[in-house]
Amino acid sequence: MDARRALPGSSFDAEVCVIGSGPAGATVAAELADRGLRVIVLEGGGAGRDRTAEDTYRGVAGEGAHDPLETVRQKRLGGTSAVWGGRCAPLDDVDFTEREWLPDTRWPIPHDELRRYYGRAQRHLDAGDCEYSAAASGFPEVPSDVAADAAGTEVLRWDDLWRWSPPTAFAPRMRALAGTGRIRLFTHATVARLDRDPVSGAATEAVVVPRRGQEVRVRAREFVLAAGGLESTRILLASDGYGGSGLGAGIGNAYDQVGRHYMTHPVGEVGRLGLTAAGRALGLGYAVTPEGVYARRMLSLAPSVQAEQGLGNLKAAVWFADPKDPSHHDALLSTFALTYWGMGRARAGFKSAGTHAQYTSTTGISRHVRNVAGDPARVVRFARGWARPRLTGARHLPSFMPLDSSRCRLRFDAEQTPSAANRVTLDRERDALGQCRLRVDYAVSPGDRQSIATSLTLIGKELERTGLATVDLSDVERVGDAPMTDGTHQMGLLRMSDSPREGVVDAQCRVHGSPNVHVASSAVFPSSGAVGPTLALVAMACRTADGIS
């Protein structure tokens, strides 16, 4: 139902109100519907992109640098799954441990508590078996000479995998659930705030604003915030609980914790690598597992090395040479550079932000055009292989990844240390629906940048020592001033904690002080780890659903 068609002042009732229809919200809704509970799902956007919805996701820039908020998230049915790349991996045990060199990163639950939900999450994400070992997934065996070089040491790990969902978009699933009557779905249903009982602190209703000046209310016994990290935070900040201005303290915010400790994953590409025959034999590109799922090895440092060096977690992968430099004379790389240069200049698409924003500085455009014109057959061959599975509906190669040239790079995803100064707050500027915009204060610290540079250097040295590649990391110092403004992974804003003095939700993901408000989002992560959060947040959504009766 389009909430804009509801009569002003209308109210609706459910046992559970789920706010958001992306991977977390859709998972919670499906799990609860399977148990026969009456569920209403509120989605702020519509079936596709919408000017009003996009305006409500615009933010206000504060201290530091961050991608525009409307470019890093999608307010539409299915949420940001509409543009998700599909990459899945579990968090590491080290992410849950007490690390004195990384304060405030301890989880109040052990990894085993989340690990038991990964299998269910895999099924929701269509990511195949819950198997993240390269050796057990049909990857090439480690060459014997490399294994001998690595014997007796545990510095570089190369058996861990990323797996790729097709990727799954959740809009069709939400339509199917609604079409069978298992849930009641409202679109264009932006939640302005949650109102609560002044005595118990329990939420009583969600106040929905389909249009400026129009309010609809949804009453429920339990509420699940699953609107993405930033939007879920905005709703709690705006919920002073008693129908106020939206600039009050907010729910779960007795100790000014809502919106603090904002973390993303600093990402980038550095170095020049030449893979040896042993490196190529290891299978560092994409491979297909026995059940037909694309996967690839990730490179990381052993936890013991992280502890010895005082480093945060980091995952690396072999990446293609820098497409921006036309001296590579590669038609395919030039095609890639020109495509992202055009998207960035036009600010078109989700991938015009984040690490892809670097392509707006591409120079030598005419030389790139000559590269393409010089070998159009290479571009056509790649395009045919890329398009075929998309037309047939089969699983397709997750991304552009030519590793057949003599030059490669290291691409990294790094852990960010939580800092109370990295935060979002409500600004007085209002959006198209009359709601306060979010202001973002965010930066990657010098300590995190040094940790990234050290980790990459150690990984490079080990790749060379074991004979997998020749490595030149003379440009690793670029990490010190790289933009690192990507906000697509939104963590830490509503962190899980034993006490409301240290976070926003308890170990069961219930908001401190409002026990019938649950959060299903990577915003509850106390530490970010170094892998995309989708698998873990869907596992957390399954766990959250299990806690609702």
# chains A, B, ... in the order shown; residues from 1 in each chain; ligands from 1
call {"tool": "select_by_dssp", "arguments": {"residues": "region 312-531 of chain A", "states": "alpha helix (DSSP H)", "output": "VMD selection string"}}
result
chain A and resid 331 to 346 365 to 374 376 to 392 446 to 465
call {"tool": "closest_atom_pairs", "arguments": {"of": "region 234-337 of chain A", "to": "region 141-150 of chain A", "cutoff": "9 Å", "atoms": "only C-alpha atoms", "output": "tab-separated table"}}
result
residue	atom	partner	partner_atom	distance
A:Ala278	CA	A:Pro143	CA	6.4
A:Gly279	CA	A:Pro143	CA	8.8
A:Ala281	CA	A:Pro143	CA	7.2
A:Leu282	CA	A:Val142	CA	5.8
A:Gly283	CA	A:Glu141	CA	8.9
call {"tool": "select_by_dssp", "arguments": {"residues": "region 243-482 of chain A", "states": "strand (DSSP E or B)", "output": "VMD selection string"}}
result
chain A and resid 263 267 to 275 287 to 288 294 to 297 299 to 301 314 to 320 408 to 414 423 to 430 436 to 442 469 to 472
call {"tool": "write_last_selection", "arguments": {"atoms": "C-alpha atoms", "output": "short mmCIF file (atom, residue, chain, number, x, y, z; two decimals), in the first residue's frame"}}
result
data_model
loop_
_atom_site.label_atom_id
_atom_site.label_comp_id
_atom_site.auth_asym_id
_atom_site.auth_seq_id
_atom_site.Cartn_x
_atom_site.Cartn_y
_atom_site.Cartn_z
CA MET A 263 32.82 3.52 11.44
CA VAL A 267 39.34 1.25 1.12
CA GLY A 268 41.86 1.88 -1.61
CA GLU A 269 44.37 0.43 -4.07
CA VAL A 270 48.15 0.73 -3.90
CA GLY A 271 51.36 -0.81 -5.21
CA ARG A 272 52.63 -2.53 -8.33
CA LEU A 273 52.63 -6.31 -8.37
CA GLY A 274 53.80 -8.81 -10.93
CA LEU A 275 52.31 -12.25 -10.28
CA ALA A 287 36.80 -18.99 -9.16
CA VAL A 288 33.54 -20.91 -9.07
CA TYR A 294 31.74 -17.08 -7.39
CA ALA A 295 34.45 -16.70 -4.75
CA ARG A 296 37.98 -15.41 -4.40
CA ARG A 297 40.79 -15.57 -1.90
CA LEU A 299 44.83 -11.98 1.90
CA SER A 300 45.30 -10.97 5.53
CA LEU A 301 47.77 -11.00 8.37
CA LEU A 314 42.73 -5.65 7.05
CA LYS A 315 41.78 -7.73 4.02
CA ALA A 316 43.57 -7.40 0.71
CA ALA A 317 43.10 -8.82 -2.76
CA VAL A 318 45.07 -8.68 -5.97
CA TRP A 319 43.54 -5.96 -8.11
CA PHE A 320 44.01 -4.85 -11.71
CA CYS A 408 48.51 -5.58 -10.69
CA ARG A 409 47.81 -3.75 -7.43
CA LEU A 410 46.67 -4.56 -3.89
CA ARG A 411 43.15 -3.49 -3.01
CA PHE A 412 42.37 -3.24 0.71
CA ASP A 413 39.40 -3.03 3.03
CA ALA A 414 40.50 -1.99 6.51
CA ARG A 423 29.34 10.85 14.80
CA VAL A 424 26.07 11.93 13.23
CA THR A 425 23.68 14.41 14.81
CA LEU A 426 20.44 16.14 13.83
CA ASP A 427 20.86 19.44 12.04
CA ARG A 428 18.23 22.19 12.09
CA GLU A 429 17.98 22.14 8.30
CA ARG A 430 14.81 20.32 7.20
CA CYS A 436 15.78 17.25 10.43
CA ARG A 437 18.70 16.31 8.22
CA LEU A 438 21.70 14.39 9.52
CA ARG A 439 25.00 16.18 10.02
CA VAL A 440 28.11 13.99 9.67
CA ASP A 441 31.44 14.54 11.43
CA TYR A 442 33.83 11.87 10.21
CA ALA A 469 54.71 -11.92 -6.75
CA THR A 470 57.26 -9.21 -7.29
CA VAL A 471 56.12 -6.27 -5.22
CA ASP A 472 56.74 -2.53 -5.35
#
call {"tool": "residues_around", "arguments": {"residues": "Leu311 (chain A)", "least_positions_apart": "2", "cutoff": "9 Å", "atoms": "only C-alpha atoms", "output": "list of chain:residue names"}}
result
A:Trp101, A:Leu102, A:Val305, A:Gln306, A:Ala307, A:Glu308, A:Gln309, A:Asn313, A:Leu314, A:Asp448, A:Gln450, A:Ser451, A:Ile452, A:Thr454, A:Ser455
call {"tool": "atom_distance", "arguments": {"atom1": "CA of Ala249 (chain A)", "atom2": "CA of Arg193 (chain A)"}}
result
12.2 Å
call {"tool": "residues_around", "arguments": {"residues": "Val28 (chain A)", "least_positions_apart": "2", "cutoff": "9 Å", "atoms": "only C-alpha atoms", "output": "list in words"}}
result
Val18, Pro23, Ala24, Gly25, Ala26, Ala30, Glu31, Leu32, Ala33, Val224, Ala226, Ala520, Val538, Ala541, Cys542, Arg543, Thr544, Ala545 and Asp546 of chain A
call {"tool": "residues_around", "arguments": {"residues": "Ala6 (chain A)", "least_positions_apart": "2", "cutoff": "12 Å", "atoms": "only C-alpha atoms", "output": "CSV table (one decimal) with N, CA and C atoms, in the first residue's frame"}}
result
chain,number,residue,atom,x,y,z
A,1,MET,N,0.8,-1.2,0.0
A,1,MET,CA,0.0,0.0,0.0
A,1,MET,C,0.9,1.2,0.0
A,2,ASP,N,0.5,2.2,-0.8
A,2,ASP,CA,1.2,3.5,-0.8
A,2,ASP,C,0.7,4.3,0.4
A,3,ALA,N,1.5,4.6,1.3
A,3,ALA,CA,1.1,5.3,2.5
A,3,ALA,C,0.5,6.7,2.2
A,4,ARG,N,0.9,7.3,1.1
A,4,ARG,CA,0.4,8.6,0.7
A,4,ARG,C,-1.1,8.6,0.4
A,8,PRO,N,-5.1,11.2,6.4
A,8,PRO,CA,-4.3,11.8,7.5
A,8,PRO,C,-5.0,11.4,8.8
A,9,GLY,N,-4.1,11.0,9.7
A,9,GLY,CA,-4.6,10.6,11.1
A,9,GLY,C,-4.9,9.2,11.2
A,10,SER,N,-4.8,8.4,10.0
A,10,SER,CA,-5.1,7.0,10.1
A,10,SER,C,-4.2,6.2,11.0
A,11,SER,N,-4.6,5.1,11.5
A,11,SER,CA,-3.7,4.3,12.4
A,11,SER,C,-3.9,2.8,12.0
A,12,PHE,N,-2.9,2.1,12.1
A,12,PHE,CA,-2.8,0.7,11.7
A,12,PHE,C,-2.2,-0.1,12.9
A,186,PHE,N,3.9,-1.1,3.5
A,186,PHE,CA,3.6,0.3,3.2
A,186,PHE,C,4.8,0.9,2.5
A,187,THR,N,4.7,1.5,1.4
A,187,THR,CA,5.8,2.2,0.7
A,187,THR,C,5.5,3.7,0.9
A,188,HIS,N,6.5,4.5,0.6
A,188,HIS,CA,6.5,6.0,0.9
A,188,HIS,C,6.1,6.3,2.3
A,189,ALA,N,6.6,5.5,3.2
A,189,ALA,CA,6.2,5.5,4.6
A,189,ALA,C,7.4,5.9,5.5
A,208,VAL,N,4.4,8.0,11.0
A,208,VAL,CA,4.8,8.0,9.6
A,208,VAL,C,4.4,9.3,8.9
A,209,VAL,N,5.3,9.8,8.1
A,209,VAL,CA,5.1,11.0,7.3
A,209,VAL,C,5.1,10.7,5.8
A,210,PRO,N,4.0,10.4,5.2
A,210,PRO,CA,4.1,10.1,3.7
A,210,PRO,C,4.3,11.4,2.9
A,211,ARG,N,3.7,12.5,3.4
A,211,ARG,CA,3.9,13.8,2.8
A,211,ARG,C,4.1,14.8,3.9
A,214,GLN,N,1.4,15.5,6.7
A,214,GLN,CA,0.5,14.4,6.8
A,214,GLN,C,1.1,13.3,7.8
A,215,GLU,N,0.4,12.8,8.7
A,215,GLU,CA,0.8,11.8,9.6
A,215,GLU,C,-0.1,10.6,9.6
A,216,VAL,N,0.6,9.4,9.7
A,216,VAL,CA,-0.1,8.2,9.8
A,216,VAL,C,0.6,7.4,10.9
A,217,ARG,N,-0.2,6.7,11.7
A,217,ARG,CA,0.5,6.0,12.9
A,217,ARG,C,0.3,4.5,12.8
A,218,VAL,N,1.4,3.8,13.2
A,218,VAL,CA,1.4,2.4,13.2
A,218,VAL,C,1.7,1.9,14.7
call {"tool": "atom_distance", "arguments": {"atom1": "CA of Met540 (chain A)", "atom2": "CA of Val517 (chain A)"}}
result
14.8 Å
call {"tool": "residues_around", "arguments": {"residues": "Thr233 (chain A)", "least_positions_apart": "4", "cutoff": "10 Å", "atoms": "only C-alpha atoms", "output": "list in words"}}
result
Leu225, Ala227, Gly228, Gly229, Leu237, Ala238, Ser239, Gly250, Ile251, Val258, Gly259, Arg260, Val424, Thr425, Leu426, Leu438, Leu493, Leu494, Val519 and Ala523 of chain A
call {"tool": "closest_residue", "arguments": {"among": "A:Ile109, A:Leu284, A:Ile365, A:Ala202", "to": "Cys509 (chain A)", "atoms": "only C-alpha atoms"}}
result
A:Ile109
call {"tool": "residues_around", "arguments": {"residues": "Asp95 (chain A)", "least_positions_apart": "4", "cutoff": "7 Å", "atoms": "only C-alpha atoms", "output": "compact mmCIF listing (two decimals) with N, CA and C atoms, in the first residue's frame"}}
result
# COMPACT_ATOMS: atom_id res chain seq x y z
N LEU A 91 32.66 -12.28 9.84
CA LEU A 91 33.65 -11.58 10.65
C LEU A 91 34.68 -12.58 11.16
N SER A 527 32.80 -3.22 16.71
CA SER A 527 34.01 -3.11 15.89
C SER A 527 33.61 -3.40 14.45
N GLY A 529 35.51 -4.84 11.93
CA GLY A 529 36.13 -5.89 11.15
C GLY A 529 36.64 -5.31 9.85
call {"tool": "closest_residue", "arguments": {"among": "A:Thr56, A:Ser361, A:Thr180, A:Asn422", "to": "Thr71 (chain A)", "atoms": "only C-alpha atoms"}}
result
A:Thr56
call {"tool": "closest_residue", "arguments": {"among": "A:Asn371, A:Ala220, A:Leu333, A:Leu433", "to": "Pro402 (chain A)", "atoms": "only C-alpha atoms"}}
result
A:Leu333
call {"tool": "closest_residue", "arguments": {"among": "A:Glu222, A:Ala432, A:Asp112, A:Thr485", "to": "Ala61 (chain A)", "atoms": "only C-alpha atoms"}}
result
A:Thr485
call {"tool": "atom_distance", "arguments": {"atom1": "CA of Thr27 (chain A)", "atom2": "CA of Thr97 (chain A)"}}
result
27.5 Å
call {"tool": "closest_residue", "arguments": {"among": "A:Ala82, A:Ala394, A:Met298, A:Val41", "to": "Asp160 (chain A)", "atoms": "only C-alpha atoms"}}
result
A:Met298
call {"tool": "decode", "arguments": {"residues": "region 225-343 of chain A", "atoms": "C-alpha atoms", "output": "mmCIF file, in the first residue's frame"}}
result
data_model
loop_
_atom_site.group_PDB
_atom_site.id
_atom_site.type_symbol
_atom_site.label_atom_id
_atom_site.label_comp_id
_atom_site.auth_asym_id
_atom_site.auth_seq_id
_atom_site.Cartn_x
_atom_site.Cartn_y
_atom_site.Cartn_z
ATOM 1 C CA LEU A 225 14.641 -0.647 13.232
ATOM 2 C CA ALA A 226 16.178 -2.034 10.044
ATOM 3 C CA ALA A 227 16.447 1.107 7.917
ATOM 4 C CA GLY A 228 20.229 1.096 7.492
ATOM 5 C CA GLY A 229 22.771 2.491 9.910
ATOM 6 C CA LEU A 230 22.319 6.189 9.214
ATOM 7 C CA GLU A 231 18.522 6.249 8.861
ATOM 8 C CA SER A 232 17.960 4.043 11.915
ATOM 9 C CA THR A 233 20.133 6.471 13.855
ATOM 10 C CA ARG A 234 18.143 9.470 12.595
ATOM 11 C CA ILE A 235 14.893 7.874 13.754
ATOM 12 C CA LEU A 236 16.205 7.250 17.275
ATOM 13 C CA LEU A 237 17.664 10.759 17.510
ATOM 14 C CA ALA A 238 14.352 12.273 16.389
ATOM 15 C CA SER A 239 12.361 10.175 18.860
ATOM 16 C CA ASP A 240 12.313 12.281 21.995
ATOM 17 C CA GLY A 241 9.358 10.068 22.689
ATOM 18 C CA TYR A 242 6.564 12.403 23.534
ATOM 19 C CA GLY A 243 5.612 14.075 20.243
ATOM 20 C CA GLY A 244 8.162 16.870 20.565
ATOM 21 C CA SER A 245 10.163 18.847 18.034
ATOM 22 C CA GLY A 246 12.407 16.025 16.862
ATOM 23 C CA LEU A 247 15.400 17.800 18.409
ATOM 24 C CA GLY A 248 15.202 16.105 21.802
ATOM 25 C CA ALA A 249 17.624 13.651 23.396
ATOM 26 C CA GLY A 250 16.246 10.674 21.474
ATOM 27 C CA ILE A 251 15.450 7.095 22.442
ATOM 28 C CA GLY A 252 18.391 5.111 23.834
ATOM 29 C CA ASN A 253 20.392 8.296 24.221
ATOM 30 C CA ALA A 254 20.445 8.932 27.952
ATOM 31 C CA TYR A 255 24.250 9.040 27.839
ATOM 32 C CA ASP A 256 24.685 10.730 24.430
ATOM 33 C CA GLN A 257 25.674 7.500 22.680
ATOM 34 C CA VAL A 258 23.260 7.466 19.719
ATOM 35 C CA GLY A 259 25.140 8.333 16.528
ATOM 36 C CA ARG A 260 28.637 8.140 18.017
ATOM 37 C CA HIS A 261 31.540 5.799 17.127
ATOM 38 C CA TYR A 262 30.646 5.924 13.436
ATOM 39 C CA MET A 263 32.822 3.517 11.444
ATOM 40 C CA THR A 264 33.051 2.606 7.788
ATOM 41 C CA HIS A 265 35.714 0.596 5.948
ATOM 42 C CA PRO A 266 38.622 2.640 4.601
ATOM 43 C CA VAL A 267 39.340 1.246 1.124
ATOM 44 C CA GLY A 268 41.864 1.877 -1.606
ATOM 45 C CA GLU A 269 44.373 0.431 -4.066
ATOM 46 C CA VAL A 270 48.155 0.725 -3.901
ATOM 47 C CA GLY A 271 51.363 -0.813 -5.214
ATOM 48 C CA ARG A 272 52.634 -2.531 -8.326
ATOM 49 C CA LEU A 273 52.634 -6.312 -8.368
ATOM 50 C CA GLY A 274 53.804 -8.812 -10.929
ATOM 51 C CA LEU A 275 52.313 -12.249 -10.284
ATOM 52 C CA THR A 276 54.747 -15.125 -10.716
ATOM 53 C CA ALA A 277 53.744 -18.527 -12.074
ATOM 54 C CA ALA A 278 53.207 -19.653 -8.465
ATOM 55 C CA GLY A 279 51.041 -16.602 -7.811
ATOM 56 C CA ARG A 280 48.909 -17.330 -10.850
ATOM 57 C CA ALA A 281 48.639 -20.988 -9.827
ATOM 58 C CA LEU A 282 47.296 -19.995 -6.422
ATOM 59 C CA GLY A 283 44.134 -18.652 -8.039
ATOM 60 C CA LEU A 284 43.980 -15.073 -6.777
ATOM 61 C CA GLY A 285 41.191 -14.061 -9.144
ATOM 62 C CA TYR A 286 37.598 -15.273 -9.211
ATOM 63 C CA ALA A 287 36.804 -18.991 -9.156
ATOM 64 C CA VAL A 288 33.541 -20.914 -9.068
ATOM 65 C CA THR A 289 32.860 -23.214 -6.106
ATOM 66 C CA PRO A 290 31.381 -26.710 -6.609
ATOM 67 C CA GLU A 291 27.852 -25.378 -6.076
ATOM 68 C CA GLY A 292 28.347 -22.648 -8.680
ATOM 69 C CA VAL A 293 29.059 -19.609 -6.471
ATOM 70 C CA TYR A 294 31.744 -17.076 -7.393
ATOM 71 C CA ALA A 295 34.450 -16.705 -4.753
ATOM 72 C CA ARG A 296 37.981 -15.406 -4.405
ATOM 73 C CA ARG A 297 40.794 -15.567 -1.899
ATOM 74 C CA MET A 298 41.377 -12.751 0.550
ATOM 75 C CA LEU A 299 44.833 -11.981 1.902
ATOM 76 C CA SER A 300 45.296 -10.969 5.526
ATOM 77 C CA LEU A 301 47.766 -11.000 8.373
ATOM 78 C CA ALA A 302 47.510 -13.639 11.073
ATOM 79 C CA PRO A 303 45.974 -12.437 14.377
ATOM 80 C CA SER A 304 49.318 -13.033 16.114
ATOM 81 C CA VAL A 305 50.990 -10.586 13.728
ATOM 82 C CA GLN A 306 48.220 -8.038 14.254
ATOM 83 C CA ALA A 307 48.798 -8.318 18.015
ATOM 84 C CA GLU A 308 52.600 -8.086 17.762
ATOM 85 C CA GLN A 309 52.423 -5.006 15.552
ATOM 86 C CA GLY A 310 49.380 -3.373 17.177
ATOM 87 C CA LEU A 311 47.404 -3.409 13.929
ATOM 88 C CA GLY A 312 43.746 -3.315 13.034
ATOM 89 C CA ASN A 313 42.271 -6.006 10.815
ATOM 90 C CA LEU A 314 42.731 -5.649 7.049
ATOM 91 C CA LYS A 315 41.778 -7.728 4.020
ATOM 92 C CA ALA A 316 43.572 -7.400 0.709
ATOM 93 C CA ALA A 317 43.095 -8.819 -2.759
ATOM 94 C CA VAL A 318 45.075 -8.680 -5.972
ATOM 95 C CA TRP A 319 43.536 -5.961 -8.109
ATOM 96 C CA PHE A 320 44.012 -4.854 -11.710
ATOM 97 C CA ALA A 321 46.492 -2.131 -12.707
ATOM 98 C CA ASP A 322 45.480 1.510 -12.300
ATOM 99 C CA PRO A 323 43.033 2.204 -15.167
ATOM 100 C CA LYS A 324 43.473 6.003 -14.867
ATOM 101 C CA ASP A 325 47.000 5.914 -16.300
ATOM 102 C CA PRO A 326 46.671 5.528 -20.100
ATOM 103 C CA SER A 327 50.303 4.382 -20.389
ATOM 104 C CA HIS A 328 49.086 0.846 -19.708
ATOM 105 C CA HIS A 329 47.879 0.771 -23.374
ATOM 106 C CA ASP A 330 45.108 -1.618 -22.348
ATOM 107 C CA ALA A 331 41.775 -1.125 -24.131
ATOM 108 C CA LEU A 332 39.794 -2.786 -21.359
ATOM 109 C CA LEU A 333 41.349 -0.729 -18.551
ATOM 110 C CA SER A 334 40.798 2.456 -20.554
ATOM 111 C CA THR A 335 37.154 1.503 -21.114
ATOM 112 C CA PHE A 336 36.771 1.074 -17.358
ATOM 113 C CA ALA A 337 38.428 4.432 -16.642
ATOM 114 C CA LEU A 338 36.299 6.269 -19.200
ATOM 115 C CA THR A 339 33.087 4.681 -17.877
ATOM 116 C CA TYR A 340 33.704 5.682 -14.273
ATOM 117 C CA TRP A 341 35.075 9.071 -15.293
ATOM 118 C CA GLY A 342 31.777 9.755 -17.083
ATOM 119 C CA MET A 343 29.649 8.439 -14.195
#
